[in-house]
>>> print(open('target21.cif').read())   # mmCIF, C-alpha atoms and all ligand atoms
data_upload
#
loop_
_atom_site.label_atom_id
_atom_site.label_comp_id
_atom_site.auth_asym_id
_atom_site.auth_seq_id
_atom_site.Cartn_x
_atom_site.Cartn_y
_atom_site.Cartn_z
CA GLU A 648 113.41 116.09 86.09
CA TRP A 649 116.30 114.29 84.40
CA VAL A 650 118.97 113.11 86.84
CA ASP A 651 121.98 110.84 86.83
CA TYR A 652 120.28 108.12 88.83
CA ILE A 653 123.56 106.69 90.17
CA ARG A 654 124.70 110.06 91.44
CA PHE A 655 121.30 110.64 92.97
CA LEU A 656 121.33 107.22 94.67
CA ASN A 657 124.84 107.77 96.01
CA ARG A 658 123.77 111.03 97.61
CA VAL A 659 120.79 109.44 99.35
CA ILE A 660 122.91 106.53 100.60
CA ASP A 661 125.69 108.89 101.77
CA ARG A 662 123.17 110.63 104.00
CA PHE A 663 122.27 107.31 105.68
CA GLU A 664 125.94 106.37 105.83
CA MET A 665 126.58 109.42 108.05
CA THR A 666 123.86 108.66 110.60
CA LYS A 667 123.62 104.86 110.68
CA ASP A 668 125.04 102.66 113.41
CA GLU A 669 128.61 101.84 112.41
CA SER A 670 128.01 98.11 112.87
CA ILE A 671 125.87 98.11 109.72
CA VAL A 672 127.88 97.93 106.51
CA PHE A 673 126.73 99.37 103.19
CA VAL A 674 127.89 97.86 99.90
CA ARG A 675 127.21 99.53 96.53
CA ARG A 676 127.24 97.69 93.22
CA PHE A 677 126.49 100.24 90.52
CA PRO A 678 127.23 100.61 86.82
CA LYS A 679 130.26 102.82 86.22
CA GLN A 680 128.62 105.09 83.68
CA PRO A 681 125.97 107.73 84.40
CA VAL A 682 122.40 106.45 84.07
CA TYR A 683 120.03 109.22 83.04
CA ALA A 684 116.46 108.75 84.18
CA GLU A 685 113.45 110.98 84.58
CA VAL A 686 112.42 110.98 88.23
CA ASP A 687 110.83 113.26 90.77
CA ALA A 688 113.82 113.56 93.10
CA ASP A 689 111.76 114.33 96.23
CA LYS A 690 109.45 111.39 95.67
CA MET A 691 112.27 108.97 94.84
CA THR A 692 114.12 110.14 97.95
CA GLN A 693 111.03 109.22 99.96
CA VAL A 694 110.92 105.77 98.32
CA LEU A 695 114.57 105.12 99.14
CA ASP A 696 114.29 106.50 102.68
CA ASN A 697 111.42 104.12 103.42
CA ILE A 698 113.21 101.07 102.01
CA ILE A 699 116.60 101.85 103.53
CA SER A 700 115.18 102.63 106.96
CA ASN A 701 113.48 99.22 106.93
CA ALA A 702 116.69 97.48 105.84
CA ILE A 703 118.46 99.08 108.81
CA LYS A 704 115.58 98.59 111.26
CA TYR A 705 115.16 94.88 110.49
CA SER A 706 118.91 94.10 110.35
CA PRO A 707 121.07 92.57 113.07
CA ASP A 708 124.28 94.26 114.27
CA GLY A 709 127.04 93.67 111.76
CA GLY A 710 124.49 93.19 109.02
CA GLN A 711 125.30 94.16 105.48
CA VAL A 712 122.97 96.24 103.30
CA THR A 713 123.73 95.87 99.59
CA PHE A 714 122.58 98.34 96.95
CA LYS A 715 122.59 97.10 93.40
CA VAL A 716 121.51 98.72 90.14
CA VAL A 717 120.92 96.57 87.06
CA LEU A 718 120.23 98.12 83.64
CA PHE A 719 117.83 96.50 81.24
CA GLN A 720 116.81 97.79 77.81
CA ASN A 721 113.70 99.61 79.02
CA TYR A 722 114.05 99.82 82.76
CA ILE A 723 116.45 100.18 85.67
CA GLU A 724 116.12 97.71 88.52
CA THR A 725 117.29 98.78 91.97
CA ARG A 726 117.77 96.07 94.61
CA ILE A 727 118.26 96.79 98.29
CA SER A 728 119.19 93.66 100.22
CA ASP A 729 119.64 93.13 103.93
CA GLN A 730 120.68 90.23 106.15
CA GLY A 731 117.84 90.68 108.59
CA VAL A 732 114.97 88.57 109.90
CA GLY A 733 113.39 88.06 106.51
CA ILE A 734 109.71 87.96 105.57
CA PRO A 735 107.51 84.83 105.38
CA LYS A 736 106.38 83.92 101.88
CA GLU A 737 102.70 84.54 102.59
CA SER A 738 103.48 88.14 103.62
CA LEU A 739 105.69 89.13 100.68
CA GLU A 740 102.89 90.91 98.84
CA LYS A 741 101.01 92.13 101.91
CA ILE A 742 103.87 94.26 103.23
CA PHE A 743 103.00 96.81 100.53
CA GLU A 744 99.47 97.23 101.94
CA ARG A 745 98.72 100.07 104.32
CA PHE A 746 99.20 99.26 108.02
CA TYR A 747 100.26 95.66 107.34
CA ARG A 748 103.08 94.55 109.63
CA VAL A 749 104.45 91.00 109.69
CA ASP A 750 105.00 90.31 113.36
CA LYS A 751 102.81 92.64 115.37
CA ALA A 752 104.68 92.21 118.62
CA ARG A 753 108.10 92.65 117.09
CA SER A 754 106.96 95.50 114.88
CA ARG A 755 105.39 97.36 117.76
CA GLN A 756 108.64 97.12 119.68
CA LEU A 757 110.58 98.50 116.71
CA GLY A 758 108.09 101.31 116.14
CA GLY A 759 106.42 102.54 112.98
CA THR A 760 102.96 102.55 111.50
CA GLY A 761 103.16 100.13 108.59
CA LEU A 762 102.87 102.85 105.96
CA GLY A 763 106.44 103.08 104.64
CA LEU A 764 106.20 100.46 101.89
CA ALA A 765 102.62 101.38 100.92
CA ILE A 766 103.86 104.91 100.24
CA ALA A 767 106.92 103.58 98.39
CA LYS A 768 104.66 101.46 96.18
CA GLU A 769 102.39 104.37 95.36
CA LEU A 770 105.34 106.58 94.42
CA VAL A 771 107.15 103.93 92.36
CA GLU A 772 103.94 103.18 90.44
CA ALA A 773 103.42 106.91 89.84
CA HIS A 774 106.81 106.80 88.07
CA GLY A 775 105.63 103.90 85.92
CA GLY A 776 107.65 101.33 87.86
CA LYS A 777 106.99 98.19 89.89
CA ILE A 778 108.07 97.18 93.39
CA TRP A 779 108.26 93.73 94.99
CA ALA A 780 110.06 91.79 97.68
CA THR A 781 111.97 88.53 97.79
CA SER A 782 113.17 86.98 101.01
CA ALA A 783 114.62 83.96 102.74
CA GLU A 784 113.36 83.79 106.31
CA GLY A 785 116.16 84.23 108.81
CA LYS A 786 118.60 85.14 106.04
CA GLY A 787 117.41 88.44 104.65
CA THR A 788 115.20 90.42 102.37
CA THR A 789 115.59 92.16 99.02
CA ILE A 790 113.30 94.97 97.94
CA HIS A 791 113.34 95.39 94.15
CA PHE A 792 111.90 98.29 92.21
CA THR A 793 112.04 99.37 88.59
CA LEU A 794 112.00 102.73 86.84
CA PRO A 795 111.44 103.33 83.13
CA TYR A 796 114.66 103.88 81.23
CA ASP A 797 115.72 104.07 77.61
CA ARG A 798 119.09 102.49 77.14
CA ASP A 799 119.51 103.91 73.62
CA GLN A 800 118.76 107.47 74.65
CA LYS A 801 121.80 107.88 76.88
CA ASP A 802 124.03 109.32 74.13
CA ASP A 803 121.89 112.44 74.00
CA PHE A 804 123.36 113.45 77.33
CA SER A 805 127.03 112.66 76.91
P1 LIG B 1 106.79 102.58 109.03
O1 LIG B 1 107.60 102.35 107.79
O2 LIG B 1 105.46 103.20 108.72
O3 LIG B 1 107.55 103.28 110.08
P2 LIG B 1 106.92 99.73 109.16
O4 LIG B 1 108.38 99.73 108.90
O5 LIG B 1 106.38 98.70 110.09
O6 LIG B 1 106.43 101.16 109.67
P3 LIG B 1 106.58 99.25 106.32
O7 LIG B 1 107.84 99.95 106.05
O8 LIG B 1 105.43 99.52 105.41
O9 LIG B 1 106.08 99.56 107.80
O10 LIG B 1 106.84 97.69 106.33
C1 LIG B 1 105.73 96.82 106.55
C2 LIG B 1 106.19 95.57 107.28
O11 LIG B 1 106.99 94.78 106.42
C3 LIG B 1 107.06 95.83 108.50
O12 LIG B 1 106.30 96.03 109.65
C4 LIG B 1 107.86 94.54 108.59
O13 LIG B 1 107.09 93.56 109.26
C5 LIG B 1 108.03 94.13 107.15
N1 LIG B 1 109.33 94.54 106.56
C6 LIG B 1 109.55 95.61 105.77
N2 LIG B 1 110.84 95.68 105.37
C7 LIG B 1 111.46 94.62 105.95
C8 LIG B 1 112.80 94.11 105.93
N3 LIG B 1 113.77 94.74 105.25
N4 LIG B 1 113.06 92.97 106.62
C9 LIG B 1 112.07 92.34 107.30
N5 LIG B 1 110.80 92.77 107.37
C10 LIG B 1 110.48 93.88 106.70
MG MG B 2 109.12 101.07 107.39
#
>>> encode(input="target21.cif", output="structure tokens")
Amino acid sequence: EWVDYIRFLNRVIDRFEMTKDESIVFVRRFPKQPVYAEVDADKMTQVLDNIISNAIKYSPDGGQVTFKVVLFQNYIETRISDQGVGIPKESLEKIFERFYRVDKARSRQLGGTGLGLAIAKELVEAHGGKIWATSAEGKGTTIHFTLPYDRDQKDDFS
């Protein structure tokens, strides 16, 4: 269905905002105008839930989670950045594989199965997008994903 992606994103983030520990701070950097995109809202909610729950789970107290949306001609890039433990370079691609977890001991303590990002990848790719991670160990992680978008089509909706 066609949705205003920014409005949609704000609603998902608001839901986390209500339940998260208050020591974690959310920052949103979004375009001011509506951004119409064709997404399956349930599936995209699942993608965001999996990424945001990681950002919170792997963040220290007082950590900041930043949400950013950047518009390109043919796609939207969403970036979700945290100030957590980070991910070693050799694991940056593997975290999207089923059951892969970076630090087994730490991960076991934090709980989970190692499926969240594999599911997110499957769902983003089903939308025609890409997902990847960048990270500086000890400083934080950014999960990036894209969705198809037609910048010139937006006038049809205004
Ligand atoms: P699940 O999501 O199934 O509950 P999980 O969080 O361990 O379990 P994924 O979400 O697929 O599984 O993440 C895979 C692994 O990638 C994690 O175990 C963790 O090691 C690493 N990881 C994911 N997101 C982050 C992040 N924001 N910061 C640091 N490490 C991360
Ligand atoms: Mg997870």
>>> atom_distance(input="target21.cif", atom1="atom MG of ligand MG 2 (chain B)", atom2="CA of Pro735 (chain A)")
16.4 Å
>>> residues_near_point(input="target21.cif", point="(113.8, 100.4, 81.9)", cutoff="10 Å", atoms="only C-alpha atoms", output="list in words")
Ala684, Val717, Leu718, Phe719, Gln720, Asn721, Tyr722, Ile723, Glu724, Gly775, Gly776, Thr793, Leu794, Pro795, Tyr796, Asp797 and Arg798 of chain A
>>> atom_distance(input="target21.cif", atom1="atom O4 of ligand LIG 1 (chain B)", atom2="CA of Glu685 (chain A)")
27.3 Å
>>> residues_around(input="target21.cif", residues="region 738-751 of chain A", least_positions_apart="2", cutoff="12 Å", atoms="only C-alpha atoms", output="ChimeraX atom specification")
/A:697-698,701,705,732-736,753-772,777-784,788-791
>>> residues_near_point(input="target21.cif", point="(120.1, 85.2, 106.6)", cutoff="6 Å", atoms="all atoms listed in the file", output="JSON, numbers by chain")
{"A": [730, 785, 786, 787]}
>>> atom_distance(input="target21.cif", atom1="CA of Ile727 (chain A)", atom2="CA of Thr713 (chain A)")
5.7 Å
>>> closest_residue(input="target21.cif", among="A:Val694, A:Val682, A:Val674, A:Thr666", to="Gln800 (chain A)", atoms="all atoms listed in the file")
A:Val682
>>> axis_aligned_box(input="target21.cif", around="ligand LIG 1 (chain B)", padding_each_side="4 Å", output="lines of an AutoDock Vina configuration file")
center_x = 109.6
center_y = 97.8
center_z = 107.7
size_x = 16.3
size_y = 18.9
size_z = 12.8
>>> residues_around(input="target21.cif", residues="Gln711 (chain A)", least_positions_apart="6", cutoff="7 Å", atoms="only C-alpha atoms", output="PyMOL selection string")
chain A and resi 671-673+729-730
>>> build_atoms(input="target21.cif", residues="region 685-700 of chain A", atoms="N, CA, C and O atoms", output="CSV table (one decimal), in the coordinates of the input")
chain,number,residue,atom,x,y,z
A,685,GLU,N,114.4,109.9,84.2
A,685,GLU,CA,113.4,111.0,84.6
A,685,GLU,C,112.7,110.6,85.9
A,685,GLU,O,111.9,109.7,85.9
A,686,VAL,N,113.1,111.3,86.9
A,686,VAL,CA,112.4,111.0,88.2
A,686,VAL,C,112.1,112.3,89.0
A,686,VAL,O,112.7,113.3,88.7
A,687,ASP,N,111.1,112.2,89.8
A,687,ASP,CA,110.8,113.3,90.8
A,687,ASP,C,111.8,113.0,92.0
A,687,ASP,O,111.6,112.0,92.7
A,688,ALA,N,112.8,113.8,92.1
A,688,ALA,CA,113.8,113.6,93.1
A,688,ALA,C,113.3,113.5,94.5
A,688,ALA,O,113.7,112.6,95.3
A,689,ASP,N,112.3,114.4,94.9
A,689,ASP,CA,111.8,114.3,96.2
A,689,ASP,C,111.0,113.0,96.5
A,689,ASP,O,111.1,112.4,97.5
A,690,LYS,N,110.2,112.6,95.5
A,690,LYS,CA,109.4,111.4,95.7
A,690,LYS,C,110.3,110.2,95.7
A,690,LYS,O,110.1,109.2,96.5
A,691,MET,N,111.4,110.1,94.8
A,691,MET,CA,112.3,109.0,94.8
A,691,MET,C,113.1,108.9,96.1
A,691,MET,O,113.5,107.9,96.6
A,692,THR,N,113.4,110.1,96.7
A,692,THR,CA,114.1,110.1,98.0
A,692,THR,C,113.3,109.5,99.0
A,692,THR,O,113.7,108.7,99.9
A,693,GLN,N,112.0,109.8,99.0
A,693,GLN,CA,111.0,109.2,100.0
A,693,GLN,C,111.0,107.7,99.8
A,693,GLN,O,111.0,107.0,100.8
A,694,VAL,N,110.9,107.2,98.6
A,694,VAL,CA,110.9,105.8,98.3
A,694,VAL,C,112.2,105.1,99.0
A,694,VAL,O,112.1,104.1,99.7
A,695,LEU,N,113.3,105.7,98.7
A,695,LEU,CA,114.6,105.1,99.1
A,695,LEU,C,114.7,105.2,100.7
A,695,LEU,O,115.1,104.3,101.3
A,696,ASP,N,114.3,106.3,101.2
A,696,ASP,CA,114.3,106.5,102.7
A,696,ASP,C,113.5,105.4,103.3
A,696,ASP,O,113.9,104.8,104.3
A,697,ASN,N,112.3,105.1,102.8
A,697,ASN,CA,111.4,104.1,103.4
A,697,ASN,C,112.0,102.7,103.3
A,697,ASN,O,112.0,102.0,104.3
A,698,ILE,N,112.6,102.4,102.2
A,698,ILE,CA,113.2,101.1,102.0
A,698,ILE,C,114.5,100.9,102.8
A,698,ILE,O,114.7,99.9,103.5
A,699,ILE,N,115.3,102.0,102.8
A,699,ILE,CA,116.6,101.8,103.5
A,699,ILE,C,116.4,101.8,105.0
A,699,ILE,O,117.0,101.1,105.8
A,700,SER,N,115.4,102.6,105.5
A,700,SER,CA,115.2,102.6,107.0
A,700,SER,C,114.7,101.3,107.4
A,700,SER,O,115.0,100.8,108.5
